[in-house]
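What follows is coords_8.txt (compact mmCIF, C-alpha atoms).
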# COMPACT_ATOMS: atom_id res chain seq x y z
CA MET A 14 -28.55 12.29 2.27
CA ALA A 15 -27.60 9.86 -0.48
CA GLU A 16 -24.52 10.98 -2.38
CA HIS A 17 -23.20 10.15 -5.83
CA VAL A 18 -19.52 9.43 -5.32
CA LEU A 19 -16.88 9.40 -8.06
CA ILE A 20 -13.74 7.48 -7.10
CA THR A 21 -10.87 8.10 -9.48
CA GLY A 22 -8.48 5.17 -9.48
CA GLY A 23 -11.38 3.33 -7.91
CA ALA A 24 -10.68 -0.15 -9.31
CA GLY A 25 -7.61 -0.59 -7.13
CA PHE A 26 -6.81 -1.93 -3.69
CA ILE A 27 -8.28 0.99 -1.71
CA GLY A 28 -10.87 2.13 -4.23
CA THR A 29 -12.84 -1.10 -4.56
CA ARG A 30 -13.20 -1.52 -0.81
CA LEU A 31 -14.16 2.12 -0.50
CA ALA A 32 -16.76 1.72 -3.25
CA ARG A 33 -18.36 -1.15 -1.35
CA ARG A 34 -18.35 0.93 1.85
CA PHE A 35 -20.22 3.75 0.13
CA VAL A 36 -22.74 1.40 -1.47
CA GLU A 37 -23.40 -0.32 1.87
CA ALA A 38 -24.16 3.13 3.31
CA GLY A 39 -26.75 3.78 0.59
CA HIS A 40 -24.71 5.91 -1.82
CA THR A 41 -24.21 5.60 -5.58
CA VAL A 42 -20.69 5.05 -6.90
CA THR A 43 -18.95 5.67 -10.20
CA VAL A 44 -15.39 4.45 -10.70
CA LEU A 45 -12.91 5.91 -13.19
CA ASP A 46 -9.80 3.80 -13.67
CA ALA A 47 -7.18 3.36 -16.39
CA LEU A 48 -6.76 -0.34 -15.45
CA ILE A 49 -3.01 -0.22 -16.12
CA ALA A 50 -1.25 -3.56 -16.45
CA GLN A 51 1.34 -2.84 -13.73
CA VAL A 52 -1.46 -2.80 -11.16
CA HIS A 53 -4.27 -4.86 -12.67
CA GLY A 54 -2.56 -7.35 -14.96
CA SER A 55 -2.89 -7.76 -18.72
CA ASP A 56 -6.62 -8.65 -18.81
CA PRO A 57 -8.28 -6.96 -15.84
CA ARG A 58 -11.81 -7.13 -17.23
CA ASN A 59 -11.63 -10.92 -16.97
CA ASP A 60 -8.92 -11.58 -14.39
CA SER A 61 -9.02 -8.83 -11.76
CA PRO A 62 -10.74 -9.95 -8.53
CA LEU A 63 -10.78 -6.32 -7.40
CA LEU A 64 -12.74 -5.27 -10.46
CA LYS A 65 -15.09 -8.22 -10.05
CA SER A 66 -15.72 -7.22 -6.44
CA ILE A 67 -17.56 -4.07 -7.57
CA ASP A 68 -19.34 -5.67 -10.52
CA GLY A 69 -23.00 -4.75 -10.38
CA ILE A 70 -22.67 -2.27 -7.52
CA ALA A 71 -20.68 0.53 -9.18
CA THR A 72 -20.55 2.05 -12.64
CA VAL A 73 -17.02 1.45 -13.96
CA ILE A 74 -15.60 3.74 -16.64
CA GLU A 75 -12.32 2.67 -18.14
CA GLY A 76 -10.47 5.91 -18.69
CA THR A 77 -7.75 8.16 -17.39
CA VAL A 78 -7.57 11.37 -15.38
CA THR A 79 -5.23 12.72 -18.04
CA SER A 80 -8.23 12.90 -20.41
CA SER A 81 -10.70 15.74 -19.91
CA ASP A 82 -13.30 13.78 -21.88
CA ASP A 83 -12.99 10.77 -19.56
CA LEU A 84 -13.19 12.98 -16.49
CA ARG A 85 -16.16 14.90 -17.86
CA ARG A 86 -18.08 11.65 -18.42
CA ALA A 87 -17.19 10.32 -14.97
CA LEU A 88 -18.22 13.54 -13.20
CA GLU A 89 -21.82 13.42 -14.43
CA GLY A 90 -24.08 13.57 -11.38
CA ALA A 91 -21.23 13.31 -8.85
CA THR A 92 -21.61 15.18 -5.55
CA ILE A 93 -18.39 13.88 -3.94
CA VAL A 94 -15.08 13.07 -5.62
CA VAL A 95 -12.51 10.84 -3.94
CA HIS A 96 -9.36 11.37 -5.96
CA LEU A 97 -7.23 8.24 -5.58
CA ALA A 98 -5.87 8.06 -9.13
CA ALA A 99 -2.08 8.28 -9.16
CA GLU A 100 1.05 6.55 -10.31
CA THR A 101 2.63 5.05 -7.19
CA GLY A 102 6.16 3.94 -6.38
CA THR A 103 8.94 6.01 -4.84
CA GLY A 104 11.74 4.26 -6.69
CA GLN A 105 10.10 4.13 -10.11
CA SER A 106 9.16 7.80 -9.88
CA MET A 107 12.84 8.74 -9.92
CA TYR A 108 13.25 7.64 -13.54
CA GLU A 109 9.68 7.72 -14.95
CA ILE A 110 9.41 11.38 -14.10
CA ASP A 111 7.22 12.48 -16.98
CA ARG A 112 4.62 9.73 -16.44
CA TYR A 113 4.33 10.42 -12.71
CA THR A 114 4.09 14.15 -13.24
CA GLU A 115 1.58 13.92 -16.07
CA THR A 116 -0.77 11.59 -14.18
CA ASN A 117 -0.48 12.86 -10.63
CA ILE A 118 -0.14 16.60 -11.16
CA GLY A 119 -1.59 16.91 -14.67
CA GLY A 120 -4.58 14.69 -13.89
CA THR A 121 -5.40 16.68 -10.77
CA ALA A 122 -5.11 19.94 -12.72
CA LYS A 123 -7.50 18.62 -15.38
CA LEU A 124 -10.02 17.60 -12.72
CA LEU A 125 -9.93 21.05 -11.12
CA ASN A 126 -10.02 22.79 -14.49
CA LEU A 127 -13.30 21.06 -15.32
CA LEU A 128 -14.76 21.85 -11.90
CA ALA A 129 -13.72 25.49 -12.25
CA ASN A 130 -15.06 26.03 -15.75
CA GLU A 131 -17.99 23.68 -16.40
CA PRO A 132 -21.32 22.98 -14.69
CA HIS A 133 -21.24 20.21 -12.07
CA SER A 134 -22.81 19.09 -8.80
CA VAL A 135 -19.63 18.37 -6.81
CA ARG A 136 -19.58 19.80 -3.29
CA ARG A 137 -16.53 18.01 -1.80
CA VAL A 138 -13.23 16.63 -3.14
CA VAL A 139 -11.12 14.26 -1.06
CA VAL A 140 -7.55 13.79 -2.26
CA ALA A 141 -5.35 10.84 -1.35
CA SER A 142 -2.12 12.49 -0.31
CA SER A 143 0.86 10.65 1.16
CA ARG A 144 3.30 10.51 4.07
CA SER A 145 6.01 10.89 1.39
CA ILE A 146 5.45 14.65 1.34
CA TYR A 147 7.08 14.94 4.78
CA GLY A 148 10.44 13.66 3.62
CA GLU A 149 12.31 12.56 6.74
CA GLY A 150 9.61 13.85 9.08
CA ALA A 151 9.93 15.15 12.63
CA TYR A 152 12.68 14.64 15.23
CA ARG A 153 13.45 16.06 18.66
CA THR A 154 16.92 17.32 19.57
CA SER A 155 18.58 16.63 22.92
CA ASP A 156 17.49 20.09 24.15
CA GLY A 157 13.85 19.56 23.16
CA ARG A 158 13.60 21.42 19.84
CA ILE A 159 11.51 19.92 17.00
CA VAL A 160 13.50 19.76 13.75
CA TYR A 161 13.00 18.41 10.25
CA PRO A 162 16.23 16.88 8.91
CA ALA A 163 17.14 17.15 5.25
CA HIS A 164 17.40 14.17 2.92
CA ARG A 165 20.13 11.69 3.66
CA GLN A 166 23.29 11.89 1.59
CA ASP A 167 24.72 9.20 -0.68
CA ALA A 168 28.17 9.79 0.81
CA ASP A 169 26.94 8.86 4.31
CA MET A 170 24.86 5.85 3.28
CA SER A 171 27.69 4.46 1.14
CA ILE A 172 29.72 3.89 4.33
CA GLY A 173 26.78 2.37 6.22
CA ASP A 174 25.69 5.50 8.06
CA PHE A 175 21.92 5.50 7.49
CA GLU A 176 20.73 7.83 10.24
CA VAL A 177 19.38 11.29 9.50
CA LYS A 178 21.50 14.35 10.28
CA PHE A 179 20.60 17.86 11.39
CA GLY A 180 23.48 20.30 11.54
CA GLY A 181 25.86 19.20 14.24
CA GLU A 182 23.11 17.80 16.46
CA GLY A 183 23.60 14.36 17.95
CA GLY A 184 21.10 11.94 19.43
CA LEU A 185 18.05 12.91 17.41
CA GLU A 186 14.85 11.26 18.65
CA LEU A 187 12.18 10.20 16.17
CA ILE A 188 8.75 11.59 17.05
CA PRO A 189 5.35 11.29 15.35
CA THR A 190 4.98 13.75 12.47
CA ASP A 191 1.85 15.90 12.61
CA GLU A 192 0.08 17.76 9.83
CA SER A 193 1.86 21.07 10.58
CA ALA A 194 5.27 19.55 9.81
CA LYS A 195 7.62 20.86 7.16
CA LEU A 196 6.90 19.48 3.71
CA HIS A 197 10.09 18.52 1.86
CA PRO A 198 9.61 15.32 -0.13
CA SER A 199 12.68 13.33 -1.13
CA SER A 200 11.31 11.69 -4.31
CA VAL A 201 9.48 12.64 -7.48
CA TYR A 202 6.50 10.66 -6.20
CA GLY A 203 6.46 12.72 -3.01
CA ILE A 204 6.70 15.96 -4.97
CA THR A 205 3.72 14.99 -7.13
CA LYS A 206 1.64 14.06 -4.07
CA GLN A 207 2.45 17.39 -2.46
CA MET A 208 1.35 19.16 -5.63
CA GLN A 209 -1.87 17.14 -5.83
CA GLU A 210 -2.73 18.13 -2.28
CA SER A 211 -1.73 21.77 -2.78
CA LEU A 212 -3.84 22.09 -5.92
CA ILE A 213 -6.94 20.63 -4.27
CA MET A 214 -6.61 22.54 -1.01
CA THR A 215 -5.90 25.84 -2.81
CA VAL A 216 -8.31 25.76 -5.75
CA ALA A 217 -11.36 23.95 -4.37
CA PRO A 218 -12.42 26.63 -1.84
CA THR A 219 -12.25 29.33 -4.51
CA ILE A 220 -14.88 27.49 -6.58
CA GLY A 221 -17.20 26.61 -3.71
CA ILE A 222 -16.01 23.05 -3.13
CA GLU A 223 -14.96 21.61 0.24
CA PRO A 224 -11.44 20.14 0.10
CA VAL A 225 -10.17 17.31 2.28
CA SER A 226 -6.68 15.82 2.18
CA LEU A 227 -5.78 12.41 3.63
CA ARG A 228 -2.08 11.75 4.05
CA TYR A 229 -1.97 7.96 3.85
CA GLN A 230 0.89 6.17 5.55
CA ASN A 231 1.92 2.65 4.36
CA VAL A 232 -1.37 0.93 3.52
CA TYR A 233 -1.49 -2.87 3.49
CA GLY A 234 -3.94 -5.75 3.63
CA PRO A 235 -5.88 -8.32 1.57
CA GLY A 236 -6.32 -7.24 -2.04
CA GLN A 237 -2.99 -5.45 -2.25
CA SER A 238 -1.31 -6.09 -5.59
CA LEU A 239 1.10 -9.01 -5.54
CA LYS A 240 2.07 -8.29 -9.17
CA ASN A 241 3.25 -4.70 -8.78
CA PRO A 242 6.87 -4.58 -7.51
CA TYR A 243 6.34 -1.01 -6.30
CA THR A 244 3.38 -1.80 -4.06
CA GLY A 245 5.25 -2.25 -0.75
CA ILE A 246 7.46 -4.61 1.21
CA LEU A 247 4.69 -6.72 2.70
CA SER A 248 3.60 -7.90 -0.74
CA ILE A 249 7.16 -8.18 -2.02
CA PHE A 250 8.43 -10.17 0.96
CA SER A 251 5.33 -12.40 0.97
CA THR A 252 5.93 -13.38 -2.64
CA LEU A 253 9.60 -14.12 -1.94
CA ILE A 254 8.66 -16.29 1.06
CA ARG A 255 6.18 -18.29 -1.01
CA GLN A 256 8.77 -18.73 -3.75
CA GLY A 257 11.29 -19.97 -1.16
CA LYS A 258 13.69 -17.18 -2.10
CA GLY A 259 15.88 -15.25 0.28
CA ILE A 260 15.05 -11.73 1.42
CA ASN A 261 17.54 -8.92 0.95
CA ILE A 262 16.93 -6.41 3.75
CA PHE A 263 18.11 -2.95 2.74
CA GLU A 264 20.18 -0.63 4.92
CA ASP A 265 20.50 -2.18 8.41
CA GLY A 266 16.89 -3.35 8.68
CA LEU A 267 16.16 -0.82 11.42
CA GLU A 268 14.40 1.64 9.12
CA THR A 269 10.73 2.02 10.09
CA ARG A 270 7.36 2.72 8.53
CA ASP A 271 3.84 3.34 9.82
CA PHE A 272 1.76 0.44 8.49
CA VAL A 273 -1.99 1.03 8.46
CA TYR A 274 -4.53 -1.69 7.65
CA ILE A 275 -6.81 -1.33 4.65
CA ASP A 276 -10.07 -1.42 6.65
CA ASP A 277 -8.90 1.50 8.79
CA VAL A 278 -7.91 3.46 5.68
CA VAL A 279 -11.29 2.85 4.07
CA GLU A 280 -13.19 3.98 7.16
CA ALA A 281 -11.05 7.10 7.55
CA THR A 282 -11.61 7.93 3.87
CA PHE A 283 -15.35 7.37 4.16
CA LEU A 284 -15.44 9.78 7.10
CA GLY A 285 -13.28 12.26 5.20
CA ALA A 286 -15.84 12.22 2.41
CA THR A 287 -19.00 12.38 4.52
CA HIS A 288 -18.29 13.88 7.95
CA PRO A 289 -19.21 17.60 8.17
CA GLU A 290 -16.16 18.41 10.31
CA ALA A 291 -13.75 17.02 7.72
CA ALA A 292 -14.32 19.95 5.34
CA GLY A 293 -11.19 22.01 4.76
CA ASN A 294 -9.00 19.71 6.86
CA ILE A 295 -5.83 17.70 6.31
CA PHE A 296 -5.47 14.39 8.16
CA ASN A 297 -2.73 11.85 8.68
CA VAL A 298 -4.15 8.37 8.17
CA GLY A 299 -1.90 5.89 9.91
CA SER A 300 -1.55 3.62 12.90
CA GLY A 301 0.71 5.93 14.89
CA VAL A 302 3.16 3.05 15.40
CA ALA A 303 6.63 2.73 13.84
CA THR A 304 7.53 -0.82 12.72
CA SER A 305 11.02 -1.73 11.51
CA VAL A 306 11.75 -3.81 8.41
CA GLN A 307 13.27 -6.51 10.59
CA GLU A 308 10.04 -6.60 12.60
CA VAL A 309 8.06 -6.90 9.35
CA VAL A 310 10.10 -9.92 8.28
CA GLY A 311 9.63 -11.59 11.67
CA ALA A 312 5.88 -10.96 11.62
CA LEU A 313 5.58 -12.44 8.12
CA PHE A 314 7.58 -15.54 9.08
CA ALA A 315 5.25 -16.04 12.05
CA ALA A 316 2.13 -15.47 9.97
CA PHE A 317 3.19 -17.89 7.20
CA GLY A 318 4.61 -20.42 9.63
CA THR A 319 7.84 -20.65 7.68
CA ASP A 320 10.95 -18.66 6.94
CA VAL A 321 13.57 -18.12 4.25
CA PRO A 322 17.17 -16.93 4.45
CA THR A 323 17.56 -13.21 5.13
CA HIS A 324 20.51 -10.97 4.44
CA ILE A 325 20.97 -7.48 5.84
CA SER A 326 22.91 -6.17 2.89
CA GLY A 327 23.45 -2.45 3.44
CA ASN A 328 21.96 -1.78 0.00
CA TYR A 329 19.95 1.44 -0.19
CA ARG A 330 17.77 3.39 -2.60
CA LEU A 331 18.24 7.08 -3.22
CA GLY A 332 15.01 8.89 -2.35
CA ASP A 333 14.02 6.51 0.48
CA ILE A 334 13.41 7.95 3.93
CA ARG A 335 14.83 6.47 7.14
CA HIS A 336 11.83 6.46 9.47
CA ASN A 337 8.14 7.29 9.44
CA VAL A 338 5.42 7.44 12.07
CA ALA A 339 2.29 9.57 11.96
CA ASP A 340 0.68 11.71 14.62
CA THR A 341 -3.02 10.81 14.23
CA THR A 342 -4.36 13.17 16.92
CA ARG A 343 -6.27 15.36 14.46
CA LEU A 344 -8.05 12.36 12.93
CA GLU A 345 -9.08 11.17 16.39
CA GLU A 346 -10.16 14.56 17.72
CA THR A 347 -11.97 15.81 14.60
CA LEU A 348 -13.56 12.67 13.18
CA SER A 349 -13.59 10.55 16.36
CA PHE A 350 -11.75 7.79 14.54
CA THR A 351 -8.88 5.69 15.83
CA PRO A 352 -7.36 2.91 13.71
CA ARG A 353 -8.47 -0.43 15.14
CA VAL A 354 -6.28 -3.11 13.55
CA ALA A 355 -2.91 -3.73 15.19
CA PHE A 356 -0.02 -4.69 12.92
CA ALA A 357 0.32 -8.24 14.28
CA ASP A 358 -3.35 -8.96 13.62
CA GLY A 359 -3.33 -7.23 10.24
CA VAL A 360 -0.33 -9.24 9.04
CA LYS A 361 -2.10 -12.49 9.97
CA ARG A 362 -5.16 -11.48 7.96
CA PHE A 363 -2.95 -10.42 5.08
CA ALA A 364 -1.00 -13.70 5.07
CA GLU A 365 -4.19 -15.77 5.17
CA TRP A 366 -5.36 -13.97 2.05
CA VAL A 367 -1.98 -14.24 0.29
CA LEU A 368 -2.08 -18.04 0.70
CA THR A 369 -5.31 -18.14 -1.35
CA GLU A 370 -3.66 -16.32 -4.25
CA PRO A 371 -1.45 -17.74 -7.03
CA ILE A 372 2.30 -17.30 -6.58
CA GLU A 373 3.34 -14.40 -8.81
CA GLY A 374 6.47 -14.18 -10.97
CA ASP A 375 9.54 -12.33 -9.80
CA THR A 376 8.98 -8.82 -11.14
CA TYR A 377 10.66 -7.42 -8.04
CA GLN A 378 14.16 -8.30 -9.21
CA LYS A 379 13.50 -6.62 -12.54
CA SER A 380 12.51 -3.43 -10.72
CA LEU A 381 15.73 -3.55 -8.68
CA ASP A 382 17.79 -4.07 -11.84
CA GLU A 383 16.12 -1.04 -13.41
CA MET A 384 17.01 1.12 -10.43
CA ALA A 385 20.57 -0.19 -10.25
CA SER A 386 21.11 0.51 -13.94
CA ARG A 387 20.23 4.15 -13.23
CA ASN A 388 22.50 4.36 -10.18
CA LEU A 389 19.51 4.78 -7.85
CA LEU A 390 20.08 1.51 -6.01
CA LYS A 391 23.47 1.14 -4.34
Can you dump the structure from the file as structure tokens?
Amino acid sequence: MAEHVLITGGAGFIGTRLARRFVEAGHTVTVLDALIAQVHGSDPRNDSPLLKSIDGIATVIEGTVTSSDDLRRALEGATIVVHLAAETGTGQSMYEIDRYTETNIGGTAKLLNLLANEPHSVRRVVVASSRSIYGEGAYRTSDGRIVYPAHRQDADMSIGDFEVKFGGEGGLELIPTDESAKLHPSSVYGITKQMQESLIMTVAPTIGIEPVSLRYQNVYGPGQSLKNPYTGILSIFSTLIRQGKGINIFEDGLETRDFVYIDDVVEATFLGATHPEAAGNIFNVGSGVATSVQEVVGALFAAFGTDVPTHISGNYRLGDIRHNVADTTRLEETLSFTPRVAFADGVKRFAEWVLTEPIEGDTYQKSLDEMASRNLLK
């Protein structure tokens, strides 16, 4: 059955590729996006290749999820909503608290308020949640218990002790975090993503709508913003390499993330929106592999065929987690989907694309200065 899909935040990195995936499958797509300068540049209607990539195949409405009028217009005829719209950036969220809360929580509340109180044709809502809601995630103690350590303390990190702690336990072993894990985000961004998910999963069933939550890990790949300093280390480090500038590796460089390639994220999201068994479920969307920051730097040097000076500085950001790796068993067992793109291959594809793009200005340093001025970067 052909669906009419509304993608909020659909003019971005994930949304435009997802829009094309839906159209290729015979569905109709409407995109609602605020086209903010931090993500899209100052003149996105003329300069954004992402926006141009859906020209003629999707109806694009420039508007915001914080406006009921914009949402009402975008919802006309929609049978599926993929709710991607959100302010993103762990560090920035710690001092732009009102903006993150208004957009991420307030926008989701406005969407649900319309669906609860006005006529519509929506039967499923898919929300883009985040690995950030897990905080430090899952670990195993030496005697085999699964525990969820609290946020790391400034006092420990200030003396170079970056590992997580749990009571008096020693030798904690990182394990993949599954969807039943404790939710205790360590940043404002994480809190807002938890609230987005909770609102959708709680309210939607009461109004006859199927909810689906996708907890994205660290998404990367061609099309990722090279302008936005909060978009992730692959983009940030790539820009520094092309500028010939040194890379400051925070903490000890052994911190890890679960990097998942854009094509795998798009396919998992498409299945989350269309597969009958997805209804009512929460899924981790990741690679299931932990990659350290030092490994990221090495992979980028190999992919670009060059290197720049690196410095493991011991700097750290309050609100950052130590490690992250997702358990993707539920995604595999329920939707029969396993991510296909290994990190080494994905980085090569990403670097090939980066080399076709203009070298961006150094907005990253400005973002670090902003955090340091607020005592969030040490």
Within 10 Å of segment 18-30 of chain A: each segment 123-236 of chain A residue with its shortest pair, only C-alpha atoms, as CSV:
residue,atom,partner,partner_atom,distance
A:Val135,CA,A:Val18,CA,9.1
A:Arg137,CA,A:Val18,CA,9.7
A:Val138,CA,A:Leu19,CA,9.5
A:Val139,CA,A:Ile20,CA,9.5
A:Val140,CA,A:Thr21,CA,9.8
A:Val232,CA,A:Ile27,CA,8.7
A:Tyr233,CA,A:Phe26,CA,9.0
A:Gly234,CA,A:Phe26,CA,8.7
A:Pro235,CA,A:Phe26,CA,8.3
A:Gly236,CA,A:Phe26,CA,5.6
Can you work out the spacing between atom CA of Gly359 of chain A and atom CA of Tyr274 of chain A in Å, to one decimal? 6.2 Å
Can you list, as a list in words, every protein, DNA or RNA residue that comes within 10 Å of Met14 of chain A when you count all atoms listed in the file, leaving out same-chain residues fewer than 2 positions away? Glu16, His17, Gly39, His40 and Thr287 of chain A
Which segment 155-179 of chain A residues have any atom within 12 Å of an atom of segment 336-349 of chain A, and for each, what is the nearest pair of atoms with distance in Å to one decimal, counting all atoms listed in the file, rows sorted by chain and number, as a Markdown table?
| residue | atom | partner | partner_atom | distance |
| --- | --- | --- | --- | --- |
| A:Pro162 | CA | A:His336 | CA | 11.3 |
| A:His164 | CA | A:His336 | CA | 11.5 |
| A:Arg165 | CA | A:His336 | CA | 11.4 |
| A:Phe175 | CA | A:His336 | CA | 10.3 |
| A:Glu176 | CA | A:His336 | CA | 9.0 |
| A:Val177 | CA | A:His336 | CA | 9.0 |
Nearest residue to Leu253 of chain A from the set A:Glu182, A:Gly150, A:Tyr377, A:Glu131 (distances using all atoms listed in the file):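 Between A:Glu182, A:Gly150, A:Tyr377, A:Glu131, the residue approaching Leu253 of chain A most closely is A:Tyr377.
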How close does each residue of segment 105-185 of chain A get to segment 63-85 of chain A, giving the shortest atom pair and distance in Å to one decimal for every residue with an atom at most 9 Å away, counting all atoms listed in the file, sorted by chain and residue number, as a tab-separated table?
residue	atom	partner	partner_atom	distance
A:Glu115	CA	A:Thr79	CA	7.2
A:Thr116	CA	A:Thr79	CA	6.0
A:Asn117	CA	A:Val78	CA	8.7
A:Gly119	CA	A:Thr79	CA	6.5
A:Gly120	CA	A:Thr79	CA	4.6
A:Thr121	CA	A:Val78	CA	7.4
A:Ala122	CA	A:Thr79	CA	9.0
A:Lys123	CA	A:Ser81	CA	6.2
A:Leu124	CA	A:Leu84	CA	6.8
A:Asn126	CA	A:Ser81	CA	8.9
A:Leu127	CA	A:Arg85	CA	7.3
Between A:Arg136, A:Lys206, A:Lys195, A:Arg112, single out the one closest to Leu97 of chain A, counting all atoms listed in the file. A:Lys206
In Å, rounded to a single decimal, give me how far atom CA of Gly299 of chain A is from atom CA of Asp276 of chain A.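 Distance reported for this atom pair: 11.4 Å.
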Would you mind telling me which residue in A:Val279, A:Ala50, A:Val273, A:Val310 lies nearest to Phe35 of chain A when using all atoms listed in the file?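 Going through A:Val279, A:Ala50, A:Val273, A:Val310 one by one, the smallest distance to Phe35 of chain A is for A:Val279.
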One-decimal distance in Å that lies between atom CA of Asn261 of chain A and atom CA of Tyr113 of chain A: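 Pair atom CA of Tyr113 of chain A / atom CA of Asn261 of chain A returns 27.1 Å.
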Can you work out which one of A:Ser199, A:Thr319, A:Ser238, A:Thr219 has the shortest atom-to-atom distance to Gln256 of chain A, counting all atoms listed in the file?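 Checking each of A:Ser199, A:Thr319, A:Ser238, A:Thr219 against Gln256 of chain A, counting all atoms listed in the file, the winner is A:Thr319.
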For Leu247 of chain A, the nearest of the candidates A:Gln307, A:Ser61, A:Asn328, A:Gln166, counting only C-alpha atoms: A:Gln307
Pick the closest to Glu308 of chain A from A:Leu187, A:Ile246, A:Ile172, A:Leu390: which is it, counting only C-alpha atoms? A:Ile246
Enclose segment 101-110 of chain A, meaning all of its atoms listed in the file, in a box aligned along x, y and z, pad it by 4 Å on each side, and list the centre and edge lengths in Å to one decimal, as AutoDock Vina command-line options.
--center_x 7.9 --center_y 7.7 --center_z -9.9 --size_x 18.6 --size_y 15.4 --size_z 18.1
Spatial neighbours of segment 321-327 of chain A, 8 Å, all atoms listed in the file, chain gap at least 4 places, as an MDAnalysis selection string: chainID A and resid 173 254 257:266
Would you pick out the contacts of Thr215 of chain A at 12 Å or less, using all atoms listed in the file, so that residues sharing its chain but fewer than 2 positions from it are not included, and give the list as a ChimeraX atom specification? /A:122,125,138,207-213,217-226,293-294
The selected residues should be written to file as a PDB file, in the coordinates of the input (atoms: C-alpha atoms).
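Written output follows (part_11.pdb):
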ATOM      1  CA  ALA A 122      -5.110  19.940 -12.720  1.00  0.00           C
ATOM      2  CA  LEU A 125      -9.930  21.050 -11.120  1.00  0.00           C
ATOM      3  CA  VAL A 138     -13.230  16.630  -3.140  1.00  0.00           C
ATOM      4  CA  GLN A 207       2.450  17.390  -2.460  1.00  0.00           C
ATOM      5  CA  MET A 208       1.350  19.160  -5.630  1.00  0.00           C
ATOM      6  CA  GLN A 209      -1.870  17.140  -5.830  1.00  0.00           C
ATOM      7  CA  GLU A 210      -2.730  18.130  -2.280  1.00  0.00           C
ATOM      8  CA  SER A 211      -1.730  21.770  -2.780  1.00  0.00           C
ATOM      9  CA  LEU A 212      -3.840  22.090  -5.920  1.00  0.00           C
ATOM     10  CA  ILE A 213      -6.940  20.630  -4.270  1.00  0.00           C
ATOM     11  CA  ALA A 217     -11.360  23.950  -4.370  1.00  0.00           C
ATOM     12  CA  PRO A 218     -12.420  26.630  -1.840  1.00  0.00           C
ATOM     13  CA  THR A 219     -12.250  29.330  -4.510  1.00  0.00           C
ATOM     14  CA  ILE A 220     -14.880  27.490  -6.580  1.00  0.00           C
ATOM     15  CA  GLY A 221     -17.200  26.610  -3.710  1.00  0.00           C
ATOM     16  CA  ILE A 222     -16.010  23.050  -3.130  1.00  0.00           C
ATOM     17  CA  GLU A 223     -14.960  21.610   0.240  1.00  0.00           C
ATOM     18  CA  PRO A 224     -11.440  20.140   0.100  1.00  0.00           C
ATOM     19  CA  VAL A 225     -10.170  17.310   2.280  1.00  0.00           C
ATOM     20  CA  SER A 226      -6.680  15.820   2.180  1.00  0.00           C
ATOM     21  CA  GLY A 293     -11.190  22.010   4.760  1.00  0.00           C
ATOM     22  CA  ASN A 294      -9.000  19.710   6.860  1.00  0.00           C
TER      23      ASN A 294
END
Kindly output segment 216-227 of chain A as a compact mmCIF listing (two decimals), keeping the file's coordinate frame, after building N, CA and C atoms.
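Result saved to result.txt:
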# COMPACT_ATOMS: atom_id res chain seq x y z
N VAL A 216 -7.32 25.39 -4.72
CA VAL A 216 -8.31 25.76 -5.75
C VAL A 216 -9.73 25.49 -5.30
N ALA A 217 -9.97 24.35 -4.67
CA ALA A 217 -11.36 23.95 -4.37
C ALA A 217 -12.15 25.02 -3.62
N PRO A 218 -11.60 25.62 -2.55
CA PRO A 218 -12.42 26.63 -1.84
C PRO A 218 -12.79 27.83 -2.68
N THR A 219 -11.97 28.16 -3.68
CA THR A 219 -12.25 29.33 -4.51
C THR A 219 -13.40 29.08 -5.47
N ILE A 220 -13.77 27.81 -5.67
CA ILE A 220 -14.88 27.49 -6.58
C ILE A 220 -16.04 26.83 -5.82
N GLY A 221 -16.07 27.06 -4.51
CA GLY A 221 -17.20 26.61 -3.71
C GLY A 221 -17.24 25.13 -3.39
N ILE A 222 -16.08 24.47 -3.42
CA ILE A 222 -16.01 23.05 -3.13
C ILE A 222 -15.21 22.84 -1.85
N GLU A 223 -15.67 21.93 -1.01
CA GLU A 223 -14.96 21.61 0.24
C GLU A 223 -13.81 20.66 -0.06
N PRO A 224 -12.57 21.05 0.30
CA PRO A 224 -11.44 20.14 0.10
C PRO A 224 -11.11 19.36 1.37
N VAL A 225 -10.66 18.13 1.18
CA VAL A 225 -10.17 17.31 2.28
C VAL A 225 -8.93 16.58 1.77
N SER A 226 -7.87 16.57 2.56
CA SER A 226 -6.68 15.82 2.18
C SER A 226 -6.38 14.76 3.23
N LEU A 227 -6.12 13.54 2.76
CA LEU A 227 -5.78 12.41 3.63
C LEU A 227 -4.37 11.96 3.31
